[in-house]
file protein21.txt (compact mmCIF, C-alpha atoms)
# COMPACT_ATOMS: atom_id res chain seq x y z
CA MET A 6 93.46 -166.47 -36.25
CA HIS A 7 90.89 -169.24 -36.00
CA ARG A 8 89.77 -169.58 -39.61
CA PHE A 9 89.18 -173.31 -39.13
CA LYS A 10 87.51 -173.39 -35.74
CA ASP A 11 85.60 -176.68 -35.37
CA LYS A 12 86.46 -177.74 -38.93
CA VAL A 13 87.47 -181.32 -39.76
CA VAL A 14 90.51 -181.61 -42.01
CA VAL A 15 92.24 -184.56 -43.69
CA VAL A 16 95.92 -184.24 -44.59
CA THR A 17 97.48 -187.16 -46.42
CA GLY A 18 101.21 -187.60 -46.13
CA GLY A 19 101.00 -185.73 -42.84
CA SER A 20 103.85 -187.31 -40.92
CA SER A 21 106.62 -185.03 -42.23
CA GLY A 22 107.55 -182.08 -44.42
CA ILE A 23 104.81 -179.99 -45.99
CA GLY A 24 102.03 -182.28 -44.75
CA LEU A 25 103.12 -182.06 -41.12
CA ALA A 26 103.63 -178.29 -41.29
CA THR A 27 100.17 -177.87 -42.81
CA ALA A 28 98.53 -180.11 -40.21
CA GLU A 29 100.20 -178.09 -37.44
CA GLN A 30 98.84 -174.84 -38.84
CA PHE A 31 95.33 -176.21 -39.28
CA VAL A 32 95.30 -177.30 -35.64
CA ALA A 33 96.68 -173.94 -34.52
CA GLU A 34 93.72 -172.32 -36.28
CA GLY A 35 91.09 -174.47 -34.55
CA ALA A 36 90.66 -177.58 -36.71
CA HIS A 37 90.70 -181.24 -35.82
CA VAL A 38 93.10 -182.86 -38.27
CA TYR A 39 93.42 -186.43 -39.47
CA ILE A 40 96.93 -187.14 -40.73
CA THR A 41 97.88 -190.20 -42.73
CA GLY A 42 101.10 -191.91 -43.68
CA ARG A 43 102.41 -195.36 -44.49
CA ARG A 44 104.46 -195.83 -41.32
CA GLN A 45 102.70 -195.85 -37.98
CA ALA A 46 105.81 -195.01 -35.94
CA GLU A 47 106.41 -191.80 -37.90
CA LEU A 48 102.73 -190.90 -37.63
CA ASP A 49 102.84 -191.32 -33.86
CA VAL A 50 105.84 -188.99 -33.62
CA ALA A 51 104.05 -186.42 -35.80
CA ALA A 52 100.87 -186.62 -33.74
CA GLN A 53 102.89 -186.13 -30.57
CA ALA A 54 104.59 -183.09 -32.10
CA ILE A 55 101.22 -181.56 -33.04
CA GLY A 56 100.02 -182.31 -29.54
CA ARG A 57 96.25 -181.86 -29.69
CA ASN A 58 93.21 -182.16 -31.94
CA VAL A 59 94.92 -184.67 -34.20
CA SER A 60 94.18 -188.25 -35.18
CA ALA A 61 96.84 -190.38 -36.87
CA VAL A 62 95.53 -193.04 -39.26
CA GLN A 63 97.99 -195.37 -40.98
CA ALA A 64 97.09 -195.41 -44.66
CA ASP A 65 98.84 -195.90 -47.98
CA VAL A 66 97.02 -193.74 -50.53
CA THR A 67 97.69 -196.28 -53.29
CA ARG A 68 95.43 -198.76 -51.47
CA LEU A 69 91.74 -198.02 -51.70
CA ALA A 70 91.02 -200.21 -48.68
CA ASP A 71 93.28 -197.96 -46.59
CA LEU A 72 91.50 -194.83 -47.79
CA GLU A 73 88.11 -196.38 -47.11
CA ARG A 74 89.26 -197.21 -43.58
CA LEU A 75 90.46 -193.61 -43.14
CA TYR A 76 87.10 -192.15 -44.07
CA ASP A 77 85.21 -194.74 -42.05
CA THR A 78 87.21 -193.52 -39.05
CA VAL A 79 86.40 -189.89 -39.83
CA ARG A 80 82.71 -190.73 -40.30
CA THR A 81 82.57 -192.55 -36.97
CA HIS A 82 84.21 -189.79 -34.94
CA HIS A 83 83.23 -186.56 -36.71
CA GLY A 84 80.69 -187.37 -39.41
CA ARG A 85 82.09 -185.00 -42.03
CA VAL A 86 85.19 -183.62 -43.76
CA ASP A 87 85.38 -179.87 -44.34
CA VAL A 88 88.82 -179.71 -45.95
CA VAL A 89 91.00 -182.23 -47.77
CA PHE A 90 94.66 -181.49 -48.38
CA ALA A 91 95.72 -184.23 -50.81
CA ASN A 92 99.42 -183.95 -50.13
CA ALA A 93 100.84 -187.48 -50.20
CA GLY A 94 103.22 -187.97 -53.09
CA SER A 95 106.53 -189.38 -54.22
CA VAL A 96 109.31 -188.50 -56.66
CA VAL A 97 110.64 -191.05 -59.13
CA HIS A 98 113.75 -190.07 -61.07
CA GLY A 99 114.85 -191.63 -64.35
CA ALA A 100 115.75 -190.48 -67.84
CA LEU A 101 113.84 -191.60 -70.90
CA GLY A 102 115.37 -194.83 -72.13
CA GLU A 103 116.00 -196.04 -68.58
CA LEU A 104 112.48 -196.05 -67.14
CA THR A 105 110.80 -199.24 -65.99
CA GLU A 106 107.20 -200.31 -65.66
CA ALA A 107 107.69 -200.51 -61.89
CA GLN A 108 108.84 -196.89 -61.76
CA TYR A 109 105.85 -195.78 -63.81
CA ALA A 110 103.44 -197.65 -61.55
CA ARG A 111 105.05 -196.32 -58.37
CA GLN A 112 104.90 -192.72 -59.59
CA PHE A 113 101.37 -192.69 -60.97
CA ASP A 114 99.83 -194.94 -58.31
CA THR A 115 100.84 -192.44 -55.62
CA ASN A 116 100.62 -189.05 -57.30
CA VAL A 117 97.64 -189.66 -59.57
CA LYS A 118 95.60 -192.69 -58.50
CA GLY A 119 96.17 -192.04 -54.80
CA LEU A 120 95.26 -188.39 -55.06
CA LEU A 121 92.17 -189.11 -57.16
CA PHE A 122 90.71 -191.57 -54.69
CA THR A 123 91.74 -189.51 -51.68
CA VAL A 124 89.38 -186.86 -53.02
CA GLN A 125 86.65 -189.08 -54.46
CA LEU A 126 86.19 -191.12 -51.28
CA ALA A 127 85.98 -187.94 -49.21
CA LEU A 128 83.08 -186.51 -51.20
CA PRO A 129 80.22 -188.33 -49.41
CA LEU A 130 81.40 -186.67 -46.19
CA MET A 131 81.93 -183.16 -47.57
CA PRO A 132 79.27 -180.50 -46.97
CA ARG A 133 78.56 -177.50 -49.14
CA GLY A 134 81.33 -174.95 -48.69
CA GLY A 135 84.04 -177.58 -48.40
CA ALA A 136 87.48 -177.07 -49.85
CA ILE A 137 89.94 -179.38 -51.57
CA VAL A 138 93.59 -178.42 -51.95
CA LEU A 139 95.85 -180.57 -54.11
CA ASN A 140 99.61 -180.54 -53.73
CA GLY A 141 101.10 -179.96 -57.14
CA SER A 142 104.59 -178.83 -58.13
CA ILE A 143 106.38 -176.41 -60.38
CA SER A 144 107.41 -179.59 -62.21
CA GLY A 145 103.91 -179.62 -63.67
CA ILE A 146 104.87 -176.66 -65.87
CA LYS A 147 108.68 -176.73 -65.84
CA ALA A 148 111.02 -179.48 -67.04
CA PHE A 149 113.92 -180.90 -65.05
CA PRO A 150 116.36 -183.62 -66.14
CA ALA A 151 115.30 -187.23 -65.51
CA SER A 152 111.96 -186.11 -64.10
CA SER A 153 109.46 -186.85 -66.86
CA LEU A 154 107.36 -189.25 -64.78
CA TYR A 155 107.14 -186.85 -61.86
CA SER A 156 106.40 -183.86 -64.08
CA ALA A 157 103.65 -185.74 -65.93
CA SER A 158 102.06 -186.85 -62.68
CA LYS A 159 101.97 -183.28 -61.37
CA ALA A 160 100.55 -182.00 -64.66
CA ALA A 161 97.73 -184.49 -64.10
CA VAL A 162 97.15 -183.01 -60.64
CA ARG A 163 96.78 -179.57 -62.18
CA SER A 164 94.32 -180.92 -64.74
CA PHE A 165 92.26 -182.59 -62.01
CA ALA A 166 91.70 -179.23 -60.33
CA ARG A 167 90.21 -177.77 -63.49
CA SER A 168 87.89 -180.70 -64.20
CA TRP A 169 86.84 -181.22 -60.59
CA THR A 170 85.97 -177.55 -60.22
CA LEU A 171 83.31 -178.10 -62.87
CA ASP A 172 82.24 -181.46 -61.43
CA LEU A 173 81.73 -180.00 -57.95
CA LYS A 174 80.46 -176.48 -58.70
CA ASP A 175 76.83 -177.39 -57.94
CA ARG A 176 77.89 -178.74 -54.55
CA GLY A 177 79.75 -175.56 -53.62
CA ILE A 178 83.06 -177.37 -53.10
CA ARG A 179 86.15 -175.53 -54.30
CA VAL A 180 89.25 -177.24 -55.70
CA ASN A 181 92.64 -175.55 -56.02
CA VAL A 182 96.31 -176.48 -56.32
CA VAL A 183 99.27 -175.28 -54.29
CA SER A 184 102.48 -175.84 -56.27
CA PRO A 185 105.75 -175.63 -54.34
CA GLY A 186 109.20 -175.18 -55.75
CA PRO A 187 112.22 -176.83 -54.10
CA THR A 188 111.39 -177.16 -50.41
CA GLU A 189 113.42 -178.11 -47.35
CA THR A 190 112.00 -181.60 -46.82
CA ASN A 191 113.38 -185.14 -46.91
CA VAL A 192 112.11 -185.72 -50.46
CA LEU A 193 115.62 -186.15 -51.87
CA GLU A 194 116.52 -188.82 -49.35
CA ALA A 195 113.17 -190.54 -49.84
CA SER A 196 113.78 -190.55 -53.60
CA GLY A 197 116.92 -192.66 -53.22
CA PHE A 198 119.59 -189.97 -53.51
CA ASN A 199 122.81 -190.77 -51.66
CA ASP A 200 124.37 -188.31 -49.21
CA ALA A 201 126.66 -186.75 -51.79
CA GLN A 202 123.80 -186.24 -54.25
CA VAL A 203 121.64 -184.70 -51.54
CA ARG A 204 124.38 -182.22 -50.61
CA GLN A 205 124.96 -181.35 -54.25
CA ALA A 206 121.26 -180.76 -54.86
CA ARG A 207 120.84 -178.63 -51.75
CA ASP A 208 123.81 -176.51 -52.80
CA HIS A 209 122.67 -176.18 -56.42
CA LEU A 210 118.91 -175.63 -56.15
CA PRO A 211 119.08 -172.26 -54.35
CA THR A 212 121.19 -170.89 -57.21
CA LEU A 213 118.23 -171.46 -59.55
CA ILE A 214 115.70 -169.66 -57.35
CA PRO A 215 115.36 -165.87 -57.67
CA LEU A 216 114.86 -165.49 -53.92
CA GLY A 217 118.09 -167.41 -53.37
CA ARG A 218 116.85 -170.17 -51.09
CA MET A 219 114.54 -173.16 -50.87
CA ALA A 220 111.07 -172.86 -49.38
CA ARG A 221 110.38 -173.78 -45.80
CA PRO A 222 107.49 -176.25 -45.30
CA ALA A 223 105.61 -173.69 -43.19
CA GLU A 224 105.61 -171.26 -46.13
CA VAL A 225 103.89 -173.79 -48.38
CA ALA A 226 101.52 -174.65 -45.55
CA ARG A 227 100.38 -171.04 -45.23
CA ALA A 228 99.48 -170.99 -48.91
CA ALA A 229 97.52 -174.24 -48.57
CA LEU A 230 95.58 -172.84 -45.61
CA PHE A 231 94.75 -169.70 -47.57
CA LEU A 232 93.29 -171.74 -50.44
CA ALA A 233 91.26 -173.80 -47.98
CA SER A 234 89.96 -170.78 -46.09
CA ASP A 235 86.97 -168.50 -46.64
CA GLU A 236 89.48 -165.80 -47.61
CA ALA A 237 89.77 -167.71 -50.91
CA SER A 238 86.01 -168.11 -51.31
CA PHE A 239 86.05 -166.90 -54.93
CA ILE A 240 89.15 -168.83 -55.98
CA ALA A 241 88.51 -172.12 -57.77
CA GLY A 242 90.40 -174.23 -60.28
CA SER A 243 93.51 -172.16 -59.66
CA GLU A 244 97.18 -172.93 -59.09
CA LEU A 245 99.14 -170.97 -56.48
CA PHE A 246 102.90 -171.20 -56.90
CA VAL A 247 105.08 -171.08 -53.79
CA ASP A 248 108.40 -171.27 -55.56
CA GLY A 249 110.53 -168.21 -54.87
CA GLY A 250 110.01 -167.25 -58.49
CA ILE A 251 111.82 -170.20 -60.11
CA ALA A 252 108.99 -171.04 -62.50
CA GLN A 253 107.81 -167.48 -62.91
CA VAL A 254 110.71 -165.36 -64.11
call {"tool": "encode", "arguments": {"input": "protein21.txt", "output": "structure tokens"}}
result
Amino acid sequence: MHRFKDKVVVVTGGSSGIGLATAEQFVAEGAHVYITGRRQAELDVAAQAIGRNVSAVQADVTRLADLERLYDTVRTHHGRVDVVFANAGSVVHGALGELTEAQYARQFDTNVKGLLFTVQLALPLMPRGGAIVLNGSISGIKAFPASSLYSASKAAVRSFARSWTLDLKDRGIRVNVVSPGPTETNVLEASGFNDAQVRQARDHLPTLIPLGRMARPAEVARAALFLASDEASFIAGSELFVDGGIAQV
């Protein structure tokens, strides 16, 4: 399939996990993909793994100057953005009564502010028929212990898709959300869990999922590509769960 032949795609948080898997699939279907991440070394490894039709741009989505530099680079080399996958995010754990202002800022600066401006700064480059896919989470509709900040940030992502669908309807740009359940990425390690906690979580989470396992990044990526493709041309403001049924049954 070449659903994205000659399309220009931006994937934030594209150096690992769901972002990298999605970038790989976009390239396999004919797109040129810009991937971003905070660490250049990891971006270089990701770009080498993808192998072709990829540009790695170091950018922290919480910094507007970085996002402006990203889109200046896209404008210079391709002149447009057909698809944005706003994927970059973080997980901050903490129970009510223990949360700090720094934790709040870290969570919402990445998952809400960063996502908002990733999309807003792309708009001048997006033609009619463009697609925006936001990476949400089942945490936006389902509670987990010590996860109130993360859940609230992902609920905001879901709300953005509704409002932005109305804001962009006259431009013919669709906005949708892909919401994964527990996925086999390094998110636990990146969230500060120690080795024992990571093993415990990886053993426990599959027991909560009706399909009996965690998602693979490529499975979430396929859903994101569907929402970005012409196959989803009459889908807007929607949330597609890729969760093995954990939030559904």
call {"tool": "closest_atom_pairs", "arguments": {"input": "protein21.txt", "of": "segment 74-145 of chain A", "to": "segment 216-237 of chain A", "cutoff": "12 Å", "atoms": "only C-alpha atoms", "output": "JSON lines"}}
result
{"residue": "A:Asp87", "atom": "CA", "partner": "A:Ala233", "partner_atom": "CA", "distance": 9.2}
{"residue": "A:Val88", "atom": "CA", "partner": "A:Ala233", "partner_atom": "CA", "distance": 6.7}
{"residue": "A:Val89", "atom": "CA", "partner": "A:Ala233", "partner_atom": "CA", "distance": 8.4}
{"residue": "A:Phe90", "atom": "CA", "partner": "A:Ala229", "partner_atom": "CA", "distance": 7.8}
{"residue": "A:Ala91", "atom": "CA", "partner": "A:Ala229", "partner_atom": "CA", "distance": 10.4}
{"residue": "A:Asn92", "atom": "CA", "partner": "A:Ala229", "partner_atom": "CA", "distance": 10.0}
{"residue": "A:Gly134", "atom": "CA", "partner": "A:Asp235", "partner_atom": "CA", "distance": 8.8}
{"residue": "A:Gly135", "atom": "CA", "partner": "A:Ala233", "partner_atom": "CA", "distance": 8.2}
{"residue": "A:Ala136", "atom": "CA", "partner": "A:Ala233", "partner_atom": "CA", "distance": 5.3}
{"residue": "A:Ile137", "atom": "CA", "partner": "A:Ala233", "partner_atom": "CA", "distance": 6.8}
{"residue": "A:Val138", "atom": "CA", "partner": "A:Ala233", "partner_atom": "CA", "distance": 6.5}
{"residue": "A:Leu139", "atom": "CA", "partner": "A:Ala229", "partner_atom": "CA", "distance": 8.6}
{"residue": "A:Asn140", "atom": "CA", "partner": "A:Ala229", "partner_atom": "CA", "distance": 8.4}
{"residue": "A:Gly141", "atom": "CA", "partner": "A:Ala229", "partner_atom": "CA", "distance": 10.9}
{"residue": "A:Ser142", "atom": "CA", "partner": "A:Val225", "partner_atom": "CA", "distance": 11.0}
call {"tool": "atom_distance", "arguments": {"input": "protein21.txt", "atom1": "atom CA of Gln63 of chain A", "atom2": "atom CA of Gly42 of chain A"}}
result
5.4 Å
call {"tool": "residues_around", "arguments": {"input": "protein21.txt", "residues": "Met6 of chain A", "least_positions_apart": "2", "cutoff": "12 Å", "atoms": "only C-alpha atoms", "output": "list in words"}}
result
Arg8, Phe9, Lys10, Gln30, Phe31, Val32, Ala33, Glu34, Gly35, Ala36, Leu230, Phe231 and Ser234 of chain A
call {"tool": "residues_near_point", "arguments": {"input": "protein21.txt", "point": "(101.7, -190.5, -61.1)", "cutoff": "9 Å", "atoms": "only C-alpha atoms", "output": "PyMOL selection string"}}
result
chain A and resi 94-95+109-119+154-159+161-162
call {"tool": "closest_residue", "arguments": {"input": "protein21.txt", "among": "A:Ala151, A:Phe165, A:Ser20, A:Leu171", "to": "His98 of chain A", "atoms": "all atoms listed in the file"}}
result
A:Ala151
call {"tool": "atom_distance", "arguments": {"input": "protein21.txt", "atom1": "atom CA of Gly145 of chain A", "atom2": "atom CA of Ser243 of chain A"}}
result
13.4 Å
call {"tool": "atom_distance", "arguments": {"input": "protein21.txt", "atom1": "atom CA of Arg207 of chain A", "atom2": "atom CA of Pro185 of chain A"}}
result
15.6 Å
call {"tool": "axis_aligned_box", "arguments": {"input": "protein21.txt", "around": "segment 85-99 of chain A", "padding_each_side": "6 Å", "output": "JSON"}}
result
{"center_x": 98.5, "center_y": -185.7, "center_z": -53.2, "size_x": 44.8, "size_y": 23.9, "size_z": 34.3}
call {"tool": "closest_residue", "arguments": {"input": "protein21.txt", "among": "A:Gln253, A:Asp208, A:Asn191, A:Asp172", "to": "Ala241 of chain A", "atoms": "all atoms listed in the file"}}
result
A:Asp172
call {"tool": "closest_residue", "arguments": {"input": "protein21.txt", "among": "A:Gln202, A:Val14, A:Glu189, A:Asp175", "to": "Leu130 of chain A", "atoms": "only C-alpha atoms"}}
result
A:Val14
call {"tool": "closest_residue", "arguments": {"input": "protein21.txt", "among": "A:Arg57, A:Phe122, A:Ser144, A:Gly24", "to": "Ala70 of chain A", "atoms": "only C-alpha atoms"}}
result
A:Phe122
call {"tool": "residues_near_point", "arguments": {"input": "protein21.txt", "point": "(105.8, -172.8, -53.8)", "cutoff": "6 Å", "atoms": "only C-alpha atoms", "output": "JSON, numbers by chain"}}
result
{"A": [184, 185, 186, 225, 246, 247, 248]}
call {"tool": "closest_residue", "arguments": {"input": "protein21.txt", "among": "A:Val192, A:Ala28, A:Leu120, A:Ala127", "to": "Ala206 of chain A", "atoms": "all atoms listed in the file"}}
result
A:Val192
call {"tool": "closest_residue", "arguments": {"input": "protein21.txt", "among": "A:Pro187, A:Gly99, A:Pro129, A:Gly56", "to": "Arg85 of chain A", "atoms": "all atoms listed in the file"}}
result
A:Pro129
call {"tool": "residues_around", "arguments": {"input": "protein21.txt", "residues": "Ala252 of chain A", "least_positions_apart": "5", "cutoff": "8 Å", "atoms": "all atoms listed in the file", "output": "PyMOL selection string"}}
result
chain A and resi 143+146-147+186
